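Colleague: For reference, this is my_file_20.pdb, and it has PDB, C-alpha atoms and all ligand atoms.
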ATOM      1  CA  MET O 690      70.591  21.964  23.713  1.00  0.00           C
ATOM      2  CA  GLY O 691      73.581  24.206  24.034  1.00  0.00           C
ATOM      3  CA  SER O 692      76.094  21.441  23.532  1.00  0.00           C
ATOM      4  CA  LYS O 693      79.439  22.519  22.152  1.00  0.00           C
ATOM      5  CA  ALA O 694      80.572  19.338  20.458  1.00  0.00           C
ATOM      6  CA  VAL O 695      79.163  16.284  18.719  1.00  0.00           C
ATOM      7  CA  LEU O 696      80.249  12.667  18.609  1.00  0.00           C
ATOM      8  CA  LEU O 697      78.768  10.829  15.649  1.00  0.00           C
ATOM      9  CA  ASP O 698      78.375   7.116  15.316  1.00  0.00           C
ATOM     10  CA  LEU O 699      79.044   6.091  11.714  1.00  0.00           C
ATOM     11  CA  ASP O 700      77.225   2.900  10.749  1.00  0.00           C
ATOM     12  CA  GLY O 701      73.486   3.544  10.836  1.00  0.00           C
ATOM     13  CA  VAL O 702      73.895   7.268  11.432  1.00  0.00           C
ATOM     14  CA  VAL O 703      76.125   8.618   8.662  1.00  0.00           C
ATOM     15  CA  TYR O 704      75.790   5.650   6.315  1.00  0.00           C
ATOM     16  CA  VAL O 705      74.250   2.238   5.872  1.00  0.00           C
ATOM     17  CA  ASP O 706      76.094  -0.261   3.714  1.00  0.00           C
ATOM     18  CA  ASN O 707      78.550   2.366   2.440  1.00  0.00           C
ATOM     19  CA  LYS O 708      75.772   4.651   1.227  1.00  0.00           C
ATOM     20  CA  PRO O 709      75.364   7.979   2.970  1.00  0.00           C
ATOM     21  CA  ILE O 710      72.076   8.509   4.776  1.00  0.00           C
ATOM     22  CA  GLU O 711      70.073  11.341   3.272  1.00  0.00           C
ATOM     23  CA  GLY O 712      71.205  14.656   4.674  1.00  0.00           C
ATOM     24  CA  ALA O 713      74.392  13.280   6.249  1.00  0.00           C
ATOM     25  CA  LEU O 714      76.763  15.225   3.994  1.00  0.00           C
ATOM     26  CA  GLN O 715      74.866  18.471   4.471  1.00  0.00           C
ATOM     27  CA  THR O 716      74.782  17.995   8.243  1.00  0.00           C
ATOM     28  CA  ILE O 717      78.524  17.418   8.436  1.00  0.00           C
ATOM     29  CA  GLU O 718      79.062  20.485   6.224  1.00  0.00           C
ATOM     30  CA  PHE O 719      76.844  22.481   8.595  1.00  0.00           C
ATOM     31  CA  VAL O 720      78.830  21.305  11.617  1.00  0.00           C
ATOM     32  CA  GLU O 721      82.116  22.178   9.867  1.00  0.00           C
ATOM     33  CA  LYS O 722      80.883  25.591   8.732  1.00  0.00           C
ATOM     34  CA  ASN O 723      79.722  26.481  12.223  1.00  0.00           C
ATOM     35  CA  LYS O 724      83.025  25.296  13.702  1.00  0.00           C
ATOM     36  CA  ILE O 725      81.286  22.842  16.024  1.00  0.00           C
ATOM     37  CA  PRO O 726      83.932  20.349  17.170  1.00  0.00           C
ATOM     38  CA  TYR O 727      83.048  16.777  16.228  1.00  0.00           C
ATOM     39  CA  ARG O 728      84.527  13.311  16.037  1.00  0.00           C
ATOM     40  CA  PHE O 729      83.353  10.011  14.631  1.00  0.00           C
ATOM     41  CA  LEU O 730      82.985   7.326  17.274  1.00  0.00           C
ATOM     42  CA  SER O 731      82.371   4.018  15.582  1.00  0.00           C
ATOM     43  CA  ASN O 732      82.134   0.544  17.020  1.00  0.00           C
ATOM     44  CA  THR O 733      83.154  -1.056  13.750  1.00  0.00           C
ATOM     45  CA  THR O 734      86.048  -3.434  14.151  1.00  0.00           C
ATOM     46  CA  ARG O 735      86.216  -4.695  10.575  1.00  0.00           C
ATOM     47  CA  LYS O 736      87.920  -1.673   9.044  1.00  0.00           C
ATOM     48  CA  SER O 737      91.076   0.276   9.781  1.00  0.00           C
ATOM     49  CA  ARG O 738      90.806   3.999  10.335  1.00  0.00           C
ATOM     50  CA  GLU O 739      92.491   4.547   6.978  1.00  0.00           C
ATOM     51  CA  THR O 740      89.863   2.427   5.191  1.00  0.00           C
ATOM     52  CA  ILE O 741      87.019   4.214   6.995  1.00  0.00           C
ATOM     53  CA  LYS O 742      88.555   7.523   5.952  1.00  0.00           C
ATOM     54  CA  GLU O 743      88.750   6.362   2.315  1.00  0.00           C
ATOM     55  CA  ASN O 744      85.166   5.096   2.387  1.00  0.00           C
ATOM     56  CA  LEU O 745      83.973   8.409   3.787  1.00  0.00           C
ATOM     57  CA  GLU O 746      85.878  10.192   1.044  1.00  0.00           C
ATOM     58  CA  LYS O 747      84.076   8.113  -1.595  1.00  0.00           C
ATOM     59  CA  MET O 748      80.808   9.318  -0.079  1.00  0.00           C
ATOM     60  CA  GLY O 749      81.986  12.917  -0.314  1.00  0.00           C
ATOM     61  CA  ILE O 750      82.988  13.311   3.341  1.00  0.00           C
ATOM     62  CA  ARG O 751      86.565  14.491   3.678  1.00  0.00           C
ATOM     63  CA  VAL O 752      88.032  14.109   7.149  1.00  0.00           C
ATOM     64  CA  SER O 753      91.388  13.417   8.706  1.00  0.00           C
ATOM     65  CA  LYS O 754      92.032   9.892   9.982  1.00  0.00           C
ATOM     66  CA  ASN O 755      92.563  11.402  13.423  1.00  0.00           C
ATOM     67  CA  MET O 756      88.873  12.342  13.575  1.00  0.00           C
ATOM     68  CA  ILE O 757      87.893   8.674  13.513  1.00  0.00           C
ATOM     69  CA  PHE O 758      87.854   6.712  16.762  1.00  0.00           C
ATOM     70  CA  THR O 759      87.439   2.945  16.598  1.00  0.00           C
ATOM     71  CA  PRO O 760      87.793   0.177  19.188  1.00  0.00           C
ATOM     72  CA  ALA O 761      90.807  -1.236  17.300  1.00  0.00           C
ATOM     73  CA  TYR O 762      92.609   2.084  17.551  1.00  0.00           C
ATOM     74  CA  ALA O 763      91.670   2.433  21.236  1.00  0.00           C
ATOM     75  CA  ALA O 764      92.764  -1.153  22.005  1.00  0.00           C
ATOM     76  CA  ALA O 765      96.058  -0.690  20.184  1.00  0.00           C
ATOM     77  CA  SER O 766      96.768   2.449  22.230  1.00  0.00           C
ATOM     78  CA  PHE O 767      95.819   0.582  25.418  1.00  0.00           C
ATOM     79  CA  LEU O 768      98.149  -2.345  24.608  1.00  0.00           C
ATOM     80  CA  LYS O 769     100.969  -0.030  23.643  1.00  0.00           C
ATOM     81  CA  GLN O 770     100.644   1.684  27.022  1.00  0.00           C
ATOM     82  CA  LYS O 771     100.976  -1.733  28.640  1.00  0.00           C
ATOM     83  CA  GLN O 772     104.013  -2.444  26.431  1.00  0.00           C
ATOM     84  CA  ILE O 773     102.309  -5.481  24.893  1.00  0.00           C
ATOM     85  CA  GLU O 774     103.681  -6.161  21.416  1.00  0.00           C
ATOM     86  CA  THR O 775     101.914  -9.356  20.343  1.00  0.00           C
ATOM     87  CA  ALA O 776      98.278 -10.322  20.549  1.00  0.00           C
ATOM     88  CA  HIS O 777      96.095 -13.037  19.098  1.00  0.00           C
ATOM     89  CA  LEU O 778      93.867 -10.912  16.866  1.00  0.00           C
ATOM     90  CA  LEU O 779      90.519 -12.567  16.203  1.00  0.00           C
ATOM     91  CA  LEU O 780      89.362 -10.056  13.630  1.00  0.00           C
ATOM     92  CA  THR O 781      88.397  -9.752  10.013  1.00  0.00           C
ATOM     93  CA  GLY O 782      89.031  -7.042   7.426  1.00  0.00           C
ATOM     94  CA  ASP O 783      92.009  -4.753   7.831  1.00  0.00           C
ATOM     95  CA  SER O 784      91.583  -3.433  11.377  1.00  0.00           C
ATOM     96  CA  TRP O 785      94.835  -5.280  12.200  1.00  0.00           C
ATOM     97  CA  LYS O 786      96.545  -2.316  10.526  1.00  0.00           C
ATOM     98  CA  ASP O 787      95.599  -0.099  13.479  1.00  0.00           C
ATOM     99  CA  PHE O 788      97.433  -2.561  15.735  1.00  0.00           C
ATOM    100  CA  ALA O 789     100.410  -2.746  13.388  1.00  0.00           C
ATOM    101  CA  ALA O 790     100.601   1.062  13.431  1.00  0.00           C
ATOM    102  CA  GLU O 791     101.230   0.857  17.193  1.00  0.00           C
ATOM    103  CA  GLY O 792     103.786  -1.932  16.779  1.00  0.00           C
ATOM    104  CA  ILE O 793     101.432  -4.788  17.767  1.00  0.00           C
ATOM    105  CA  THR O 794     101.411  -7.923  15.612  1.00  0.00           C
ATOM    106  CA  HIS O 795      99.360 -11.098  15.585  1.00  0.00           C
ATOM    107  CA  HIS O 796     100.713 -14.220  17.222  1.00  0.00           C
ATOM    108  CA  ASP O 797      98.695 -17.433  17.618  1.00  0.00           C
ATOM    109  CA  GLU O 798     100.022 -18.150  21.112  1.00  0.00           C
ATOM    110  CA  ALA O 799     100.149 -14.600  22.489  1.00  0.00           C
ATOM    111  CA  ASP O 800      99.356 -13.721  26.112  1.00  0.00           C
ATOM    112  CA  CYS O 801      96.675 -11.364  24.932  1.00  0.00           C
ATOM    113  CA  LEU O 802      93.497 -12.111  22.981  1.00  0.00           C
ATOM    114  CA  VAL O 803      91.653  -9.403  21.067  1.00  0.00           C
ATOM    115  CA  VAL O 804      88.167 -10.242  19.785  1.00  0.00           C
ATOM    116  CA  GLY O 805      86.357  -7.993  17.355  1.00  0.00           C
ATOM    117  CA  ASP O 806      83.479  -8.606  14.974  1.00  0.00           C
ATOM    118  CA  ALA O 807      85.355 -11.302  13.086  1.00  0.00           C
ATOM    119  CA  GLY O 808      82.470 -12.316  10.791  1.00  0.00           C
ATOM    120  CA  ASP O 809      83.297 -15.515   8.944  1.00  0.00           C
ATOM    121  CA  GLU O 810      86.521 -15.852  10.972  1.00  0.00           C
ATOM    122  CA  PHE O 811      84.361 -16.976  13.907  1.00  0.00           C
ATOM    123  CA  THR O 812      84.893 -20.608  13.005  1.00  0.00           C
ATOM    124  CA  TYR O 813      84.694 -23.381  15.568  1.00  0.00           C
ATOM    125  CA  SER O 814      88.459 -23.927  15.500  1.00  0.00           C
ATOM    126  CA  ARG O 815      89.282 -20.241  15.940  1.00  0.00           C
ATOM    127  CA  LEU O 816      86.812 -19.972  18.818  1.00  0.00           C
ATOM    128  CA  VAL O 817      88.357 -23.027  20.476  1.00  0.00           C
ATOM    129  CA  GLY O 818      91.812 -21.476  20.007  1.00  0.00           C
ATOM    130  CA  ALA O 819      90.606 -18.276  21.662  1.00  0.00           C
ATOM    131  CA  PHE O 820      88.927 -20.234  24.464  1.00  0.00           C
ATOM    132  CA  ARG O 821      92.174 -22.088  25.213  1.00  0.00           C
ATOM    133  CA  LEU O 822      94.153 -18.845  25.329  1.00  0.00           C
ATOM    134  CA  ILE O 823      91.768 -17.442  27.953  1.00  0.00           C
ATOM    135  CA  LEU O 824      92.065 -20.660  29.969  1.00  0.00           C
ATOM    136  CA  ARG O 825      95.827 -20.186  29.887  1.00  0.00           C
ATOM    137  CA  GLY O 826      95.386 -16.738  31.423  1.00  0.00           C
ATOM    138  CA  ALA O 827      95.625 -14.499  28.342  1.00  0.00           C
ATOM    139  CA  LEU O 828      94.423 -10.915  28.750  1.00  0.00           C
ATOM    140  CA  PHE O 829      90.964 -11.036  27.144  1.00  0.00           C
ATOM    141  CA  ILE O 830      89.982  -7.883  25.263  1.00  0.00           C
ATOM    142  CA  ALA O 831      86.616  -7.377  23.564  1.00  0.00           C
ATOM    143  CA  LEU O 832      86.646  -4.608  20.995  1.00  0.00           C
ATOM    144  CA  GLU O 833      82.886  -4.443  21.305  1.00  0.00           C
ATOM    145  CA  ARG O 834      80.010  -6.481  22.708  1.00  0.00           C
ATOM    146  CA  ASP O 835      77.288  -5.348  20.329  1.00  0.00           C
ATOM    147  CA  ARG O 836      74.590  -7.912  19.671  1.00  0.00           C
ATOM    148  CA  TYR O 837      74.029  -7.192  15.974  1.00  0.00           C
ATOM    149  CA  TRP O 838      74.344  -4.634  13.197  1.00  0.00           C
ATOM    150  CA  MET O 839      72.474  -3.793   9.990  1.00  0.00           C
ATOM    151  CA  GLY O 840      74.088  -5.395   6.941  1.00  0.00           C
ATOM    152  CA  ARG O 841      73.159  -5.324   3.277  1.00  0.00           C
ATOM    153  CA  ASP O 842      70.424  -7.941   3.528  1.00  0.00           C
ATOM    154  CA  GLY O 843      69.415  -7.633   7.150  1.00  0.00           C
ATOM    155  CA  LEU O 844      70.729  -7.846  10.698  1.00  0.00           C
ATOM    156  CA  LEU O 845      74.057  -9.617  11.261  1.00  0.00           C
ATOM    157  CA  LEU O 846      75.629 -10.995  14.416  1.00  0.00           C
ATOM    158  CA  SER O 847      78.259  -8.705  15.881  1.00  0.00           C
ATOM    159  CA  ALA O 848      81.089  -9.593  18.298  1.00  0.00           C
ATOM    160  CA  GLY O 849      78.887  -9.676  21.417  1.00  0.00           C
ATOM    161  CA  PRO O 850      77.360 -13.150  20.995  1.00  0.00           C
ATOM    162  CA  PHE O 851      80.826 -14.681  20.453  1.00  0.00           C
ATOM    163  CA  VAL O 852      82.481 -12.745  23.282  1.00  0.00           C
ATOM    164  CA  LYS O 853      79.670 -13.880  25.589  1.00  0.00           C
ATOM    165  CA  ALA O 854      80.154 -17.473  24.421  1.00  0.00           C
ATOM    166  CA  LEU O 855      83.869 -17.303  25.269  1.00  0.00           C
ATOM    167  CA  GLU O 856      83.129 -15.726  28.659  1.00  0.00           C
ATOM    168  CA  TYR O 857      80.506 -18.371  29.340  1.00  0.00           C
ATOM    169  CA  ALA O 858      82.875 -21.195  28.483  1.00  0.00           C
ATOM    170  CA  ALA O 859      86.140 -19.895  29.944  1.00  0.00           C
ATOM    171  CA  GLY O 860      84.960 -17.920  32.973  1.00  0.00           C
ATOM    172  CA  PRO O 861      86.664 -14.538  33.029  1.00  0.00           C
ATOM    173  CA  GLU O 862      84.827 -11.495  31.721  1.00  0.00           C
ATOM    174  CA  SER O 863      86.440  -9.599  28.860  1.00  0.00           C
ATOM    175  CA  ILE O 864      87.768  -6.064  29.120  1.00  0.00           C
ATOM    176  CA  LEU O 865      85.503  -3.947  26.936  1.00  0.00           C
ATOM    177  CA  ILE O 866      87.263  -1.317  24.841  1.00  0.00           C
ATOM    178  CA  GLY O 867      84.625   0.099  22.444  1.00  0.00           C
ATOM    179  CA  LYS O 868      81.236   1.639  23.162  1.00  0.00           C
ATOM    180  CA  PRO O 869      79.587   1.632  25.703  1.00  0.00           C
ATOM    181  CA  SER O 870      82.788   1.812  27.781  1.00  0.00           C
ATOM    182  CA  LYS O 871      83.234   5.256  29.294  1.00  0.00           C
ATOM    183  CA  GLU O 872      86.961   5.265  28.499  1.00  0.00           C
ATOM    184  CA  PHE O 873      86.189   5.029  24.797  1.00  0.00           C
ATOM    185  CA  PHE O 874      83.876   8.055  24.856  1.00  0.00           C
ATOM    186  CA  MET O 875      86.475   9.895  26.948  1.00  0.00           C
ATOM    187  CA  LEU O 876      89.220   9.201  24.406  1.00  0.00           C
ATOM    188  CA  ALA O 877      87.331  11.216  21.778  1.00  0.00           C
ATOM    189  CA  ILE O 878      86.070  13.830  24.249  1.00  0.00           C
ATOM    190  CA  SER O 879      89.541  14.564  25.597  1.00  0.00           C
ATOM    191  CA  ASP O 880      90.798  14.817  22.034  1.00  0.00           C
ATOM    192  CA  ILE O 881      88.258  17.617  21.529  1.00  0.00           C
ATOM    193  CA  GLY O 882      89.374  19.126  24.832  1.00  0.00           C
ATOM    194  CA  LEU O 883      85.923  19.489  26.394  1.00  0.00           C
ATOM    195  CA  SER O 884      84.054  17.684  29.151  1.00  0.00           C
ATOM    196  CA  PRO O 885      81.270  15.103  28.612  1.00  0.00           C
ATOM    197  CA  GLY O 886      78.607  17.606  29.687  1.00  0.00           C
ATOM    198  CA  ASP O 887      79.518  19.714  26.652  1.00  0.00           C
ATOM    199  CA  CYS O 888      79.052  16.888  24.160  1.00  0.00           C
ATOM    200  CA  ILE O 889      76.183  15.187  22.353  1.00  0.00           C
ATOM    201  CA  MET O 890      76.453  11.595  21.190  1.00  0.00           C
ATOM    202  CA  MET O 891      74.342  10.623  18.219  1.00  0.00           C
ATOM    203  CA  GLY O 892      73.754   6.956  17.499  1.00  0.00           C
ATOM    204  CA  ASP O 893      71.351   4.278  16.306  1.00  0.00           C
ATOM    205  CA  ASP O 894      72.024   1.754  19.080  1.00  0.00           C
ATOM    206  CA  ILE O 895      70.068   2.358  22.260  1.00  0.00           C
ATOM    207  CA  GLU O 896      72.476   0.359  24.383  1.00  0.00           C
ATOM    208  CA  THR O 897      75.974   1.052  23.127  1.00  0.00           C
ATOM    209  CA  ASP O 898      75.434   4.612  21.897  1.00  0.00           C
ATOM    210  CA  ILE O 899      72.650   5.994  24.064  1.00  0.00           C
ATOM    211  CA  LYS O 900      73.076   4.186  27.384  1.00  0.00           C
ATOM    212  CA  GLY O 901      76.852   4.446  27.062  1.00  0.00           C
ATOM    213  CA  ALA O 902      76.819   8.176  26.369  1.00  0.00           C
ATOM    214  CA  LEU O 903      74.300   8.935  29.126  1.00  0.00           C
ATOM    215  CA  SER O 904      76.420   7.023  31.659  1.00  0.00           C
ATOM    216  CA  ALA O 905      79.476   8.935  30.484  1.00  0.00           C
ATOM    217  CA  GLY O 906      77.624  12.182  31.293  1.00  0.00           C
ATOM    218  CA  MET O 907      76.762  13.238  27.751  1.00  0.00           C
ATOM    219  CA  GLU O 908      73.478  14.076  26.082  1.00  0.00           C
ATOM    220  CA  ALA O 909      72.453  11.270  23.740  1.00  0.00           C
ATOM    221  CA  ILE O 910      70.343  11.473  20.602  1.00  0.00           C
ATOM    222  CA  LEU O 911      68.871   8.384  19.034  1.00  0.00           C
ATOM    223  CA  VAL O 912      68.262   8.396  15.274  1.00  0.00           C
ATOM    224  CA  ARG O 913      65.512   6.417  13.578  1.00  0.00           C
ATOM    225  CA  THR O 914      67.922   5.067  10.942  1.00  0.00           C
ATOM    226  CA  GLY O 915      70.248   2.039  10.821  1.00  0.00           C
ATOM    227  CA  LYS O 916      69.378  -0.578  13.414  1.00  0.00           C
ATOM    228  CA  PHE O 917      66.810   1.650  15.162  1.00  0.00           C
ATOM    229  CA  SER O 918      63.778  -0.251  16.396  1.00  0.00           C
ATOM    230  CA  ALA O 919      60.701   1.575  17.701  1.00  0.00           C
ATOM    231  CA  GLU O 920      59.706  -1.523  19.624  1.00  0.00           C
ATOM    232  CA  LYS O 921      63.072  -1.720  21.349  1.00  0.00           C
ATOM    233  CA  LEU O 922      62.920   1.954  22.284  1.00  0.00           C
ATOM    234  CA  GLU O 923      59.442   1.543  23.739  1.00  0.00           C
ATOM    235  CA  MET O 924      60.423  -1.472  25.812  1.00  0.00           C
ATOM    236  CA  SER O 925      63.684   0.026  27.008  1.00  0.00           C
ATOM    237  CA  ALA O 926      64.282   1.746  30.327  1.00  0.00           C
ATOM    238  CA  ILE O 927      66.899   3.893  28.581  1.00  0.00           C
ATOM    239  CA  LYS O 928      65.599   7.365  27.791  1.00  0.00           C
ATOM    240  CA  PRO O 929      67.517   9.229  25.073  1.00  0.00           C
ATOM    241  CA  THR O 930      67.790  13.012  25.415  1.00  0.00           C
ATOM    242  CA  ALA O 931      66.000  13.188  22.060  1.00  0.00           C
ATOM    243  CA  VAL O 932      64.872  10.888  19.261  1.00  0.00           C
ATOM    244  CA  ILE O 933      65.113  12.252  15.732  1.00  0.00           C
ATOM    245  CA  ASP O 934      64.294  10.865  12.296  1.00  0.00           C
ATOM    246  CA  SER O 935      67.854  11.036  11.007  1.00  0.00           C
ATOM    247  CA  ILE O 936      71.151  12.891  11.220  1.00  0.00           C
ATOM    248  CA  GLU O 937      69.532  15.516   8.974  1.00  0.00           C
ATOM    249  CA  ALA O 938      67.553  16.849  11.956  1.00  0.00           C
ATOM    250  CA  LEU O 939      70.699  17.467  14.006  1.00  0.00           C
ATOM    251  CA  THR O 940      71.075  20.960  12.535  1.00  0.00           C
ATOM    252  CA  HIS O 941      67.830  21.999  14.283  1.00  0.00           C
ATOM    253  CA  LEU O 942      69.154  20.870  17.635  1.00  0.00           C
ATOM    254  CA  LEU O 943      72.513  22.617  17.690  1.00  0.00           C
TER     255      LEU O 943
HETATM  256 MG    MG O1001      75.613   2.404  14.645  1.00  0.00          MG
END
What does this structure look like when you write it as structure tokens?
Modeller:
Amino acid sequence: MGSKAVLLDLDGVVYVDNKPIEGALQTIEFVEKNKIPYRFLSNTTRKSRETIKENLEKMGIRVSKNMIFTPAYAAASFLKQKQIETAHLLLTGDSWKDFAAEGITHHDEADCLVVGDAGDEFTYSRLVGAFRLILRGALFIALERDRYWMGRDGLLLSAGPFVKALEYAAGPESILIGKPSKEFFMLAISDIGLSPGDCIMMGDDIETDIKGALSAGMEAILVRTGKFSAEKLEMSAIKPTAVIDSIEALTHLL
């Protein structure tokens, strides 16, 4: 394809449930050996970049934290630029650490609401709290609007259904930070120092990864791992640049 750089989604492409997908390690080694610039572009909002880095290390993938782009990191940079220091963080896991690293701390009554995939934190009372903040005019940030993701025992609801519920109830639409927002792809692409036309995105989500990357001007490869669904691909108007069995086949395309 002649692309000079690769952006890799993590969940469903490099691993599923903290287990590397067959061939993932070898493919990353191949990319490293051939000095092909790459970054990880994940929509996970449950883990800090440090934790993702450590998890990758446990799988045998050694990368610098700076190679990992997440919506929490992107949102924290965005808020820092706006000189916002407190936000109501509706999150789970340790992604709050990426906000803390930029000097942003949680406050229940902040003028800014950040919603990620909060899992079991999406309780009725927390959702009502978030709803009331939006009604009071808080800046409403969605780290992602994915519908679902592949967990240990099947598909799980992601942030999207809850963000949509808040939008439906309160009125204003959220500002989307993660994939498929063009700015998010551009954050990683400008870090590489190339233009979108020089980059391939590889993902398992036809909407956030593939549609997002194509609209950002990149080539987009869909893998048949993770949350991939043949039925969804067939019914979709989105046409990936290529569809491959797994990350293992990437080496034949570069
Ligand atoms: Mg994925």
Colleague: For O:Gln715, work out the shell of residues within 10 Å, counting all atoms listed in the file and skipping chain neighbours fewer than 2 positions away, then give it as a list in words.
Modeller: Glu711, Gly712, Ala713, Ile717, Glu718, Phe719, Val720, Glu721, Ile750, Ile936, Glu937 and Thr940 of chain O
Colleague: From the set O:Ser935, O:Asn707, O:Thr897, O:Thr740, which residue has the shortest atom-to-atom contact distance to ligand MG 1001 (chain O), counting only C-alpha atoms and all ligand atoms?
Modeller: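 That would be O:Thr897, the residue with the smallest distance to ligand MG 1001 (chain O).
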Colleague: Tell me, counting all atoms listed in the file, for each residue of chain O within 9 Å of ligand MG 1001 (chain O), which pair of atoms is nearest and how far apart they are in Å to one decimal, in rows ordered by chain and increasing number, as CSV.
Modeller:
residue,atom,partner,partner_atom,distance
O:Asp698,CA,O:MG1001,MG,5.5
O:Leu699,CA,O:MG1001,MG,5.8
O:Asp700,CA,O:MG1001,MG,4.2
O:Gly701,CA,O:MG1001,MG,4.5
O:Val702,CA,O:MG1001,MG,6.1
O:Val703,CA,O:MG1001,MG,8.6
O:Tyr704,CA,O:MG1001,MG,8.9
O:Val705,CA,O:MG1001,MG,8.9
O:Ser731,CA,O:MG1001,MG,7.0
O:Asn732,CA,O:MG1001,MG,7.2
O:Thr733,CA,O:MG1001,MG,8.3
O:Trp838,CA,O:MG1001,MG,7.3
O:Met839,CA,O:MG1001,MG,8.4
O:Gly892,CA,O:MG1001,MG,5.7
O:Asp893,CA,O:MG1001,MG,4.9
O:Asp894,CA,O:MG1001,MG,5.7
O:Thr897,CA,O:MG1001,MG,8.6
O:Asp898,CA,O:MG1001,MG,7.6
O:Thr914,CA,O:MG1001,MG,8.9
O:Gly915,CA,O:MG1001,MG,6.6
O:Lys916,CA,O:MG1001,MG,7.0
O:Phe917,CA,O:MG1001,MG,8.9
Colleague: Here is a test: counting all atoms listed in the file, which residue of O:Lys868, O:Lys747, O:Arg834, O:His796 is nearest to O:Thr759?
Modeller: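 Ranking O:Lys868, O:Lys747, O:Arg834, O:His796 by distance to O:Thr759, first place goes to O:Lys868.
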Colleague: Give the answer as one residue: which of O:Pro861, O:Gly782, O:Gly867, O:Pro929 has the shortest atom-to-atom distance to O:Asp835, using only C-alpha atoms?
Modeller: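 Nearest to O:Asp835: O:Gly867.
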Colleague: For O:Ala854, find every residue with an atom within 10 Å (counting only C-alpha atoms), except residues of its own chain fewer than 6 positions away, and show them as a tab-separated table (two decimals) with C-alpha atoms, keeping the file's coordinate frame.
Modeller:
chain	number	residue	atom	x	y	z
O	816	LEU	CA	86.81	-19.97	18.82
O	820	PHE	CA	88.93	-20.23	24.46
O	860	GLY	CA	84.96	-17.92	32.97
Colleague: For the provided coordinates, the residues matched by the PyMOL selection byres (((chain O and resi 760-767) around 9) and not hetatm) should be stated as a PDB file with C-alpha atoms, keeping the file's coordinate frame.
Modeller:
ATOM      1  CA  LEU O 730      82.985   7.326  17.274  1.00  0.00           C
ATOM      2  CA  SER O 731      82.371   4.018  15.582  1.00  0.00           C
ATOM      3  CA  ASN O 732      82.134   0.544  17.020  1.00  0.00           C
ATOM      4  CA  THR O 733      83.154  -1.056  13.750  1.00  0.00           C
ATOM      5  CA  THR O 734      86.048  -3.434  14.151  1.00  0.00           C
ATOM      6  CA  ARG O 735      86.216  -4.695  10.575  1.00  0.00           C
ATOM      7  CA  LYS O 736      87.920  -1.673   9.044  1.00  0.00           C
ATOM      8  CA  SER O 737      91.076   0.276   9.781  1.00  0.00           C
ATOM      9  CA  ARG O 738      90.806   3.999  10.335  1.00  0.00           C
ATOM     10  CA  PHE O 758      87.854   6.712  16.762  1.00  0.00           C
ATOM     11  CA  THR O 759      87.439   2.945  16.598  1.00  0.00           C
ATOM     12  CA  LEU O 768      98.149  -2.345  24.608  1.00  0.00           C
ATOM     13  CA  LYS O 769     100.969  -0.030  23.643  1.00  0.00           C
ATOM     14  CA  GLN O 770     100.644   1.684  27.022  1.00  0.00           C
ATOM     15  CA  LYS O 771     100.976  -1.733  28.640  1.00  0.00           C
ATOM     16  CA  GLN O 772     104.013  -2.444  26.431  1.00  0.00           C
ATOM     17  CA  ILE O 773     102.309  -5.481  24.893  1.00  0.00           C
ATOM     18  CA  SER O 784      91.583  -3.433  11.377  1.00  0.00           C
ATOM     19  CA  TRP O 785      94.835  -5.280  12.200  1.00  0.00           C
ATOM     20  CA  LYS O 786      96.545  -2.316  10.526  1.00  0.00           C
ATOM     21  CA  ASP O 787      95.599  -0.099  13.479  1.00  0.00           C
ATOM     22  CA  PHE O 788      97.433  -2.561  15.735  1.00  0.00           C
ATOM     23  CA  ALA O 789     100.410  -2.746  13.388  1.00  0.00           C
ATOM     24  CA  ALA O 790     100.601   1.062  13.431  1.00  0.00           C
ATOM     25  CA  GLU O 791     101.230   0.857  17.193  1.00  0.00           C
ATOM     26  CA  GLY O 792     103.786  -1.932  16.779  1.00  0.00           C
ATOM     27  CA  ILE O 793     101.432  -4.788  17.767  1.00  0.00           C
ATOM     28  CA  VAL O 803      91.653  -9.403  21.067  1.00  0.00           C
ATOM     29  CA  GLY O 805      86.357  -7.993  17.355  1.00  0.00           C
ATOM     30  CA  ILE O 830      89.982  -7.883  25.263  1.00  0.00           C
ATOM     31  CA  ALA O 831      86.616  -7.377  23.564  1.00  0.00           C
ATOM     32  CA  LEU O 832      86.646  -4.608  20.995  1.00  0.00           C
ATOM     33  CA  GLU O 833      82.886  -4.443  21.305  1.00  0.00           C
ATOM     34  CA  ILE O 866      87.263  -1.317  24.841  1.00  0.00           C
ATOM     35  CA  GLY O 867      84.625   0.099  22.444  1.00  0.00           C
ATOM     36  CA  LYS O 868      81.236   1.639  23.162  1.00  0.00           C
ATOM     37  CA  PHE O 873      86.189   5.029  24.797  1.00  0.00           C
ATOM     38  CA  LEU O 876      89.220   9.201  24.406  1.00  0.00           C
TER      39      LEU O 876
END
Colleague: To one decimal in Å, tell me the separation between atom CA of O:Ile927 and atom CA of O:Ala909.
Modeller: 10.4 Å
Colleague: I'd like to know which of O:Ser863, O:Ser870, O:Thr794, O:Ser884 is closest to O:Glu896, using all atoms listed in the file.
Modeller: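 Using all atoms listed in the file, the shortest distance to O:Glu896 belongs to O:Ser870.
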Colleague: At a cut-off of 8 Å, using all atoms listed in the file, what residues contact O:Leu779? Leave out same-chain residues fewer than 2 positions from it and give the result as a PDB file with C-alpha atoms, in the coordinates of the input.
Modeller:
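That gives us part.pdb:
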ATOM      1  CA  HIS O 777      96.095 -13.037  19.098  1.00  0.00           C
ATOM      2  CA  THR O 781      88.397  -9.752  10.013  1.00  0.00           C
ATOM      3  CA  LEU O 802      93.497 -12.111  22.981  1.00  0.00           C
ATOM      4  CA  VAL O 803      91.653  -9.403  21.067  1.00  0.00           C
ATOM      5  CA  VAL O 804      88.167 -10.242  19.785  1.00  0.00           C
ATOM      6  CA  GLY O 805      86.357  -7.993  17.355  1.00  0.00           C
ATOM      7  CA  ALA O 807      85.355 -11.302  13.086  1.00  0.00           C
ATOM      8  CA  GLU O 810      86.521 -15.852  10.972  1.00  0.00           C
ATOM      9  CA  PHE O 811      84.361 -16.976  13.907  1.00  0.00           C
ATOM     10  CA  ARG O 815      89.282 -20.241  15.940  1.00  0.00           C
ATOM     11  CA  ALA O 819      90.606 -18.276  21.662  1.00  0.00           C
TER      12      ALA O 819
END
